[in-house]
file entry-v7.txt (compact mmCIF, C-alpha atoms)
# COMPACT_ATOMS: atom_id res chain seq x y z
CA MET Y 151 60.36 23.86 -24.32
CA GLY Y 152 57.02 23.00 -25.95
CA TYR Y 153 55.09 19.78 -25.73
CA LYS Y 154 54.77 17.84 -28.97
CA HIS Y 155 51.37 16.29 -29.68
CA LYS Y 156 51.41 12.66 -30.77
CA ASN Y 157 48.75 10.86 -32.77
CA HIS Y 158 46.99 7.90 -31.14
CA LYS Y 159 48.92 4.95 -32.61
CA GLY Y 160 46.21 2.38 -31.83
CA LEU Y 161 43.66 4.48 -33.71
CA LEU Y 162 45.97 5.00 -36.70
CA LYS Y 163 46.27 1.21 -37.10
CA ARG Y 164 42.48 0.86 -37.31
CA ILE Y 165 41.54 3.69 -39.68
CA ARG Y 166 42.59 5.20 -43.00
CA ILE Y 167 42.19 8.92 -43.61
CA SER Y 168 41.23 9.64 -47.21
CA LYS Y 169 42.69 12.50 -49.21
CA THR Y 170 39.52 14.53 -48.67
CA GLY Y 171 39.65 14.02 -44.89
CA LYS Y 172 37.00 11.32 -44.49
CA ILE Y 173 37.71 8.34 -42.25
CA ARG Y 174 37.56 4.78 -43.58
CA HIS Y 175 37.25 1.90 -41.15
CA LYS Y 176 36.21 -1.74 -40.88
CA THR Y 177 32.76 -2.43 -39.44
CA ALA Y 178 32.81 -4.28 -36.12
CA GLY Y 179 31.56 -7.86 -36.02
CA HIS Y 180 32.52 -8.86 -39.57
CA LYS Y 181 35.75 -10.80 -39.05
CA HIS Y 182 34.76 -13.99 -37.20
CA LEU Y 183 31.79 -15.95 -35.82
CA ARG Y 184 29.99 -15.36 -39.10
CA SER Y 185 28.01 -18.58 -39.13
CA GLY Y 186 25.61 -17.30 -36.48
CA LYS Y 187 24.91 -14.12 -38.43
CA GLY Y 188 22.47 -13.90 -41.33
CA GLY Y 189 23.44 -13.01 -44.88
CA LYS Y 190 21.67 -9.67 -44.65
CA LYS Y 191 23.72 -8.68 -41.59
CA LEU Y 192 27.00 -9.71 -43.28
CA ARG Y 193 26.12 -7.71 -46.42
CA GLN Y 194 25.37 -4.68 -44.26
CA HIS Y 195 28.82 -4.97 -42.67
CA ARG Y 196 30.40 -4.75 -46.13
CA LYS Y 197 28.63 -1.47 -46.91
CA ASP Y 198 29.87 2.11 -46.53
CA PRO Y 199 33.29 2.02 -44.87
CA TYR Y 200 33.19 5.76 -44.13
CA MET Y 201 32.60 7.00 -40.60
CA SER Y 202 29.79 9.39 -39.70
CA SER Y 203 30.51 13.04 -38.95
CA ALA Y 204 29.76 12.73 -35.22
CA ASP Y 205 32.33 9.96 -34.80
CA THR Y 206 34.83 11.81 -36.95
CA LYS Y 207 34.52 14.83 -34.64
CA ARG Y 208 35.31 12.59 -31.66
CA LEU Y 209 38.50 11.29 -33.31
CA GLU Y 210 39.86 14.77 -34.00
CA LYS Y 211 40.99 14.99 -30.37
CA LEU Y 212 42.99 11.77 -30.65
CA LEU Y 213 44.63 12.76 -33.92
CA PHE Y 214 45.25 16.47 -33.14
CA ARG Y 215 43.97 17.56 -36.55
CA ARG Y 216 40.74 18.66 -38.19
CA LEU Y 217 38.86 16.11 -40.26
CA ARG Y 218 36.23 16.76 -42.88
CA GLY Y 219 33.48 14.27 -42.08
CA ARG Y 220 30.47 13.54 -44.26
CA THR Y 221 28.53 16.80 -44.21
CA GLN Y 222 31.33 19.34 -44.50
CA PRO Y 223 31.85 20.57 -48.08
CA ARG Y 224 35.03 19.91 -50.02
CA THR Y 225 35.68 23.65 -50.19
CA ALA Y 226 36.25 23.63 -46.41
CA ILE Y 227 39.54 21.74 -46.74
CA LYS Y 228 42.75 23.45 -47.67
CA ARG Y 229 44.33 22.08 -50.84
CA SER Y 230 48.03 22.35 -51.62
CA PRO Y 231 48.78 23.98 -54.95
CA THR Y 232 50.11 21.94 -57.88
CA PRO Y 233 53.66 22.64 -59.10
CA ALA Y 234 52.22 24.56 -62.07
CA GLU Y 235 50.08 26.72 -59.75
CA ARG Y 236 53.12 27.36 -57.54
CA LYS Y 237 55.14 28.48 -60.54
CA ALA Y 238 52.35 30.82 -61.68
CA ALA Y 239 52.03 32.31 -58.18
CA ARG Y 240 55.79 32.83 -57.97
CA ALA Y 241 55.83 34.53 -61.39
CA ALA Y 242 52.94 36.80 -60.35
CA ALA Y 243 54.76 37.75 -57.13
CA GLU Y 244 57.98 38.59 -59.02
CA GLY Y 245 56.06 40.61 -61.60
CA LYS Y 246 54.75 43.06 -58.98
call {"tool": "encode", "arguments": {"input": "entry-v7.txt", "output": "structure tokens"}}
result
Amino acid sequence: MGYKHKNHKGLLKRIRISKTGKIRHKTAGHKHLRSGKGGKKLRQHRKDPYMSSADTKRLEKLLFRRLRGRTQPRTAIKRSPTPAERKAARAAAEGK
């Protein structure tokens, strides 16, 4: 009887994984106690919701899957074929 890996539920509530495998997240320190922070700091918190590659690598262990990160090319991810591509592949296999 094998052990089934489970994703970290607390992490899944805090991040969104994009279709290309990048991780979107909210920057810490942006929700409350804003009056003490300058406008520049608050604008910086709004910028770039994507996580860096090093952090993405760390989360792979909690999610039990490979993630793309920022530096890995799009060609590195496996893409599922469209229904038309599936049909063409099936026709090519039957034609042999």
call {"tool": "closest_residue", "arguments": {"input": "entry-v7.txt", "among": "Y:Gly188, Y:Gly179, Y:Gly171, Y:Gly160", "to": "Glu210 (chain Y)", "atoms": "all atoms listed in the file"}}
result
Y:Gly171
call {"tool": "closest_residue", "arguments": {"input": "entry-v7.txt", "among": "Y:Arg220, Y:Arg184, Y:His175, Y:Lys159", "to": "Lys207 (chain Y)", "atoms": "all atoms listed in the file"}}
result
Y:Arg220
call {"tool": "atom_distance", "arguments": {"input": "entry-v7.txt", "atom1": "CA of Lys156 (chain Y)", "atom2": "CA of Asp198 (chain Y)"}}
result
28.7 Å
call {"tool": "closest_residue", "arguments": {"input": "entry-v7.txt", "among": "Y:Ala178, Y:Leu183, Y:Ile173, Y:Leu213", "to": "Met201 (chain Y)", "atoms": "only C-alpha atoms"}}
result
Y:Ile173
call {"tool": "residues_around", "arguments": {"input": "entry-v7.txt", "residues": "Lys197 (chain Y)", "least_positions_apart": "2", "cutoff": "12 Å", "atoms": "all atoms listed in the file", "output": "ChimeraX atom specification"}}
result
/Y:174-178,180,190-195,199-201
call {"tool": "atom_distance", "arguments": {"input": "entry-v7.txt", "atom1": "CA of Lys154 (chain Y)", "atom2": "CA of Ser203 (chain Y)"}}
result
26.7 Å
